[in-house]
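S.K.: Sharing a structure below in C-alpha cells format, with a few things to ask.
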Amino acid sequence: MSDQITNASGGAGQQEELKRSITGRLLFFYVLGDVLGSGIYALIGVMAFTVGGAFWLSFVIGVTVALLTGFAYAELITKYPQAAGAALYTHKAFGNRFLTFMVTFCLLAATIAAAGTLARVFGGTYFQSFVEGASVTLVAIIFIVALSLLNFRGITESVWTNMVMTLVETTGLLIILAVGVVVLAEGDANLQQPFELNEGNPTLVVLGGVALAFFAMTGFENAANIAEETQEPSRTFPRALLGGMTLAGVLYMVIAFIASMVAPLDELTANKGEDGSLLTVVQNGPIPVPELVFSAIALVAVTNTTLVSLVAQSRIMYGMARQGIVPRIFARTHATRRTPWVSIVFTAALVCLLLAVADVDRLATVTVLFLIVVYGMVCLAALKLRGTTVEHEHYSAPVVILVVGVVANVAILVHTMIDDPGSILWCGAIVLIGVAMYGVNAFAMRHQPQALDPTELSG
C-alpha cells in the first residue's frame, strides 16, 4: 500500500519516508487537540440557559451527529488526501463552480461568526476577572483588532506552540474533572439538577442546545491538512479521527454533567448564560483554584482558537481571490510582510460589525448553520463519489452511516432555523455579500474564463 500511495503522489522513496511521518497515535492527539478547545469554555452558560440543568443531553446528540459526519470525512480524506477539504470534495462530486464557491464561502462565514463568538466570550466573564466592569463589546472589538494586527504581521505556528496551547486548554478541563471527582467523593453533588429541563416539550428543549454543542465539536475537519503525512492513512486515519472525536465528545458530556451538579443553575444562566462559564463551576467547587489562574487558562484557550479562525478566514478569502471567484483585490499582499492585508482588513471588519450587533448565542448559532451546510455537503459528496476510483487504498464508510449523516445534518439545520429564525436573516445577509462579490467578479471576468483549482481555495 505504501508504494501505491507513493506512485499516486509522484514522490520518490526518500520523499515518501519524510511525508509519512505521522503515526496513528500522533494523529489521534492532533484530532483531540483540534476538537478540544474554547467551545466548552465559551458555551456552558448559554447551553444551560437554553436547555436547563440537563444540557449535557444536547452534547449526546451533537457529538453523535458530528461523528456521523466524521465517517464521511474519514472516507474522503483518505480517498483525496489534500488539504482543500470540503471545497475539493464538493468540486469532485458535483463539478459546479458556483456550488464549490458557496461551500467555501460557508466555511469563510463560519470562521467569521466563530471569531465573533469567541471574542465576546473573551470580553466576558474571564476578562472581567482582571478588569471588572469593562464593556464586553469594546473589549471584544479591541481583541479582534489586536489579533488581526498580529495576523497582518505574519503568523508562523510551530508544533511546540500548538502543543503548549493544547496543554493549557486541557489543564483547565482537567481542573473541572478534578472538581467533579472531589464533589462526588464528599457527597456534595446536586444529582437532581443535571436531569432538570426548561419548560416545554423535552425533546425540543434538548434539541435547542444541540447547535451549541455542535459548535464545541467543530475542528475535526482540519485533519485533512495532514492526510498526506500520515502513515497507512486508510487504516489509521478512521480510527484516529473517530477515536479523537469520541474522546473529546465524552469529555464534553462529562464536563457538562459536572458543571450542572456543582454550580447553581441561576449562576450558570445569569445574563442569558453569558455570565455563566466554567469559572462559575470552579468558584462553586471545593478545590481552591485562584480565579485569575483559571481565567487566564480560559483566555489562552479562547485566544488560540480565535487567532486560528482569523488566520483561516483571511487565507480563504485570499485563496478565492487568487482563483478569480471574488474580486482580485482580496489577493493583494503587503509589500514587506507578504500577508493578505486586504482580506485581513475586510474579514476583521465583518467580525467587528457582527460583534456590535449580536450576542454569543446568535453568533454561535450562525456559525453552526453555516457549518451544518458544509458538513451535509461533505456527506452528500461521499455518497456521490462512491462510484469513482483512485489509485490507492482508502477507507470506505458504511453507506447507511453516510445517509443517516445527511439526514441528521439536514434535521439539525431545519430545527435550528425554526428554533431561531432570526439567525436565518443573519446568514442570508452574509451570503448576499458573498454572492454579490461573486456576481460582480463573474461579470468583470466574463471574457476571461478560468478553471477552478479547489486545492488553492485555502490560500
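By order of appearance in the C-alpha cells: chains A, B, ..., then residues from 1 within every chain, and ligands from 1 in the order shown.
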Might you pull out every residue within 9 Å of Ile401 in chain A, with only C-alpha atoms counted and same-chain residues fewer than 3 positions away left off, and present them as a list in words?
M.R.: Leu68, Thr69, Phe71, Ala72, Ala397, Pro398, Val404, Gly405 and Val406 of chain A
S.K.: Keeping only all heavy atoms, take the residues you just selected and write them out as a compact mmCIF listing (two decimals), in the first residue's frame.
M.R.:
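So the final result, stored in again.txt, reads:
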```txt
# COMPACT_ATOMS: atom_id res chain seq x y z
N LEU A 68 -21.12 11.09 12.88
CA LEU A 68 -21.65 10.64 11.59
C LEU A 68 -20.95 11.38 10.45
O LEU A 68 -20.58 10.78 9.43
CB LEU A 68 -23.16 10.88 11.53
CG LEU A 68 -24.03 10.02 12.46
CD1 LEU A 68 -25.48 10.51 12.43
CD2 LEU A 68 -23.97 8.55 12.04
N THR A 69 -20.77 12.68 10.63
CA THR A 69 -20.06 13.47 9.64
C THR A 69 -18.59 13.06 9.57
O THR A 69 -17.98 13.06 8.50
CB THR A 69 -20.17 14.97 9.97
OG1 THR A 69 -21.54 15.32 10.15
CG2 THR A 69 -19.57 15.82 8.86
N PHE A 71 -17.35 10.13 9.76
CA PHE A 71 -17.19 8.97 8.88
C PHE A 71 -17.02 9.42 7.43
O PHE A 71 -16.19 8.86 6.69
CB PHE A 71 -18.42 8.04 8.99
CG PHE A 71 -18.36 7.10 10.15
CD1 PHE A 71 -18.95 7.44 11.37
CD2 PHE A 71 -17.73 5.87 10.05
CE1 PHE A 71 -18.90 6.57 12.45
CE2 PHE A 71 -17.67 5.00 11.12
CZ PHE A 71 -18.26 5.35 12.33
N ALA A 72 -17.80 10.43 7.01
CA ALA A 72 -17.68 10.94 5.64
C ALA A 72 -16.31 11.56 5.42
O ALA A 72 -15.66 11.35 4.38
CB ALA A 72 -18.79 11.95 5.36
N ALA A 397 -16.63 4.29 4.27
CA ALA A 397 -17.60 4.31 5.37
C ALA A 397 -18.84 3.54 4.96
O ALA A 397 -19.19 3.48 3.78
CB ALA A 397 -17.96 5.75 5.71
N PRO A 398 -19.54 2.94 5.92
CA PRO A 398 -20.81 2.27 5.61
C PRO A 398 -21.80 3.25 4.98
O PRO A 398 -21.96 4.37 5.48
CB PRO A 398 -21.30 1.79 6.98
CG PRO A 398 -20.06 1.67 7.81
CD PRO A 398 -19.16 2.78 7.34
N VAL A 404 -27.52 8.46 6.93
CA VAL A 404 -28.00 8.98 8.21
C VAL A 404 -27.32 10.32 8.52
O VAL A 404 -27.94 11.23 9.08
CB VAL A 404 -27.75 7.98 9.35
CG1 VAL A 404 -28.12 8.58 10.71
CG2 VAL A 404 -28.56 6.70 9.12
N GLY A 405 -26.04 10.44 8.13
CA GLY A 405 -25.32 11.69 8.34
C GLY A 405 -25.97 12.84 7.60
O GLY A 405 -26.11 13.95 8.14
N VAL A 406 -26.37 12.61 6.35
CA VAL A 406 -27.06 13.64 5.56
C VAL A 406 -28.37 14.03 6.25
O VAL A 406 -28.66 15.22 6.45
CB VAL A 406 -27.34 13.15 4.13
CG1 VAL A 406 -28.21 14.17 3.39
CG2 VAL A 406 -26.04 12.92 3.36
```
S.K.: Extract, using only C-alpha atoms, all DNA, RNA and protein residues at most 12 Å from range 122-127 of chain A, discarding same-chain residues fewer than 6 positions from it, and format them as a PyMOL selection string.
M.R.: chain A and resi 38-39+41-43+45+115-116+133-144+267-268+270-271+273-280+291-306+355+359-360
S.K.: Give the answer as one residue: which of A:Pro340, A:Pro202, A:Gly324, A:Pro288 has the shortest atom-to-atom distance to Ser58 in chain A, using only C-alpha atoms?
M.R.: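 Answer, going by the shortest atom-to-atom distance: A:Pro202.
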S.K.: Restricting the calculation to only C-alpha atoms: of A:Leu247, A:Cys427, A:Leu383, A:Ile372, which residue gets closest to Val410 in chain A?
M.R.: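 Among the listed residues, the smallest separation from Val410 in chain A belongs to A:Ile372.
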S.K.: To one decimal place, how far is CA of Gly208 in chain A from CA of Thr416 in chain A in Å?
M.R.: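 Interatomic distance, CA of Gly208 in chain A to CA of Thr416 in chain A: 7.3 Å.
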S.K.: Identify, with DSSP run on backbone atoms, the residues in range 176-346 of chain A assigned to helix (DSSP H, G or I), and express the list as a PyMOL selection string.
M.R.: chain A and resi 176-186+193-195+202-207+210-217+220-229+233-262+265-268+270-273+278-284+291-322+328-331+341-346
S.K.: Considering only C-alpha atoms, return as an NGL selection string whatever protein or nucleic-acid residues lie within 7 Å of Thr50 in chain A, sequence-local ones (same chain, fewer than 3 positions apart) excluded.
M.R.: :A and (46-47 or 208-209)
S.K.: What does the distance between CA of Val366 in chain A and CA of Val407 in chain A come to in Å, to one decimal place?
M.R.: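 Distance between the two atoms: 19.8 Å.
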S.K.: Considering only C-alpha atoms, return as a list in words whatever protein or nucleic-acid residues lie within 10 Å of Ala408 in chain A, sequence-local ones (same chain, fewer than 5 positions apart) excluded.
M.R.: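 Listed by chain and then number, they are Ile61, Gly62, Thr64, Val65, Ala66, Leu68, Thr69, Ile372, Gly376, Leu402, Val403, Leu413 and Val414 of chain A.
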S.K.: Grab the residues selected above and save them as a CSV table (one decimal), in the first residue's frame with C-alpha atoms.
M.R.:
```csv
chain,number,residue,atom,x,y,z
A,61,ILE,CA,-26.9,14.4,20.2
A,62,GLY,CA,-24.4,16.9,19.0
A,64,THR,CA,-23.4,11.7,17.6
A,65,VAL,CA,-24.2,13.9,14.6
A,66,ALA,CA,-20.6,15.1,14.5
A,68,LEU,CA,-21.7,10.6,11.6
A,69,THR,CA,-20.1,13.5,9.6
A,372,ILE,CA,-24.0,22.2,9.1
A,376,GLY,CA,-24.1,18.0,4.9
A,402,LEU,CA,-23.4,8.4,5.3
A,403,VAL,CA,-27.2,8.5,4.5
A,413,LEU,CA,-30.3,22.6,10.1
A,414,VAL,CA,-34.1,22.7,9.8
```
S.K.: Hey, can you check how far CA of Ile316 in chain A sits from CA of Ile44 in chain A?
M.R.: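 It comes out at 29.6 Å.
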S.K.: Excluding Gly434 in chain A and any residue of its chain fewer than 2 positions from it, enumerate the residues within 12 Å of it, using only C-alpha atoms, and give them as a ChimeraX atom specification.
M.R.: /A:98,101-109,317,320-321,325-327,347,350,427-432,436-441
S.K.: Could you pull the residues within 9 Å of Arg362 in chain A, counting only C-alpha atoms, minus those fewer than 4 positions along the same chain, as a PDB file with C-alpha atoms, in the first residue's frame?
M.R.:
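Dumped to around_23.pdb:
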```pdb
ATOM      1  CA  THR A 117     -18.491  34.293  19.273  1.00  0.00           C
ATOM      2  CA  ALA A 358     -25.111  40.250  18.075  1.00  0.00           C
ATOM      3  CA  VAL A 366     -24.896  31.436  12.804  1.00  0.00           C
ATOM      4  CA  THR A 367     -21.568  29.580  12.929  1.00  0.00           C
ATOM      5  CA  ASP A 420     -34.018  30.682  15.884  1.00  0.00           C
ATOM      6  CA  GLY A 422     -33.653  35.428  13.291  1.00  0.00           C
ATOM      7  CA  SER A 423     -30.375  33.672  12.559  1.00  0.00           C
ATOM      8  CA  TRP A 426     -28.043  36.991   9.621  1.00  0.00           C
TER       9      TRP A 426
END
```
S.K.: Can you tell me which residues surround Ser260 in chain A at a distance of at most 8 Å, considering only C-alpha atoms, apart from same-chain residues fewer than 4 positions away, and format the answer as a list in words?
M.R.: Gly53, Ala54, Asn190, Gln193, Pro194, Ala256, Pro264 and Leu265 of chain A
S.K.: For the selection just defined, write its residues with C-alpha atoms to a file, as an mmCIF file, in the first residue's frame.
M.R.:
```
data_model
loop_
_atom_site.group_PDB
_atom_site.id
_atom_site.type_symbol
_atom_site.label_atom_id
_atom_site.label_comp_id
_atom_site.auth_asym_id
_atom_site.auth_seq_id
_atom_site.Cartn_x
_atom_site.Cartn_y
_atom_site.Cartn_z
ATOM 1 C CA GLY A 53 -29.636 21.525 34.019
ATOM 2 C CA ALA A 54 -29.739 18.567 31.622
ATOM 3 C CA ASN A 190 -26.523 18.115 43.279
ATOM 4 C CA GLN A 193 -30.190 19.385 38.692
ATOM 5 C CA PRO A 194 -28.450 17.527 35.791
ATOM 6 C CA ALA A 256 -21.237 19.429 31.206
ATOM 7 C CA PRO A 264 -26.314 26.534 40.861
ATOM 8 C CA LEU A 265 -28.371 26.860 37.705
#
```
S.K.: Go through A:Leu167, A:Leu385, A:Ala348, A:Met253 and flag the residue nearest Ala146 in chain A, using only C-alpha atoms for the distances.
M.R.: A:Ala348
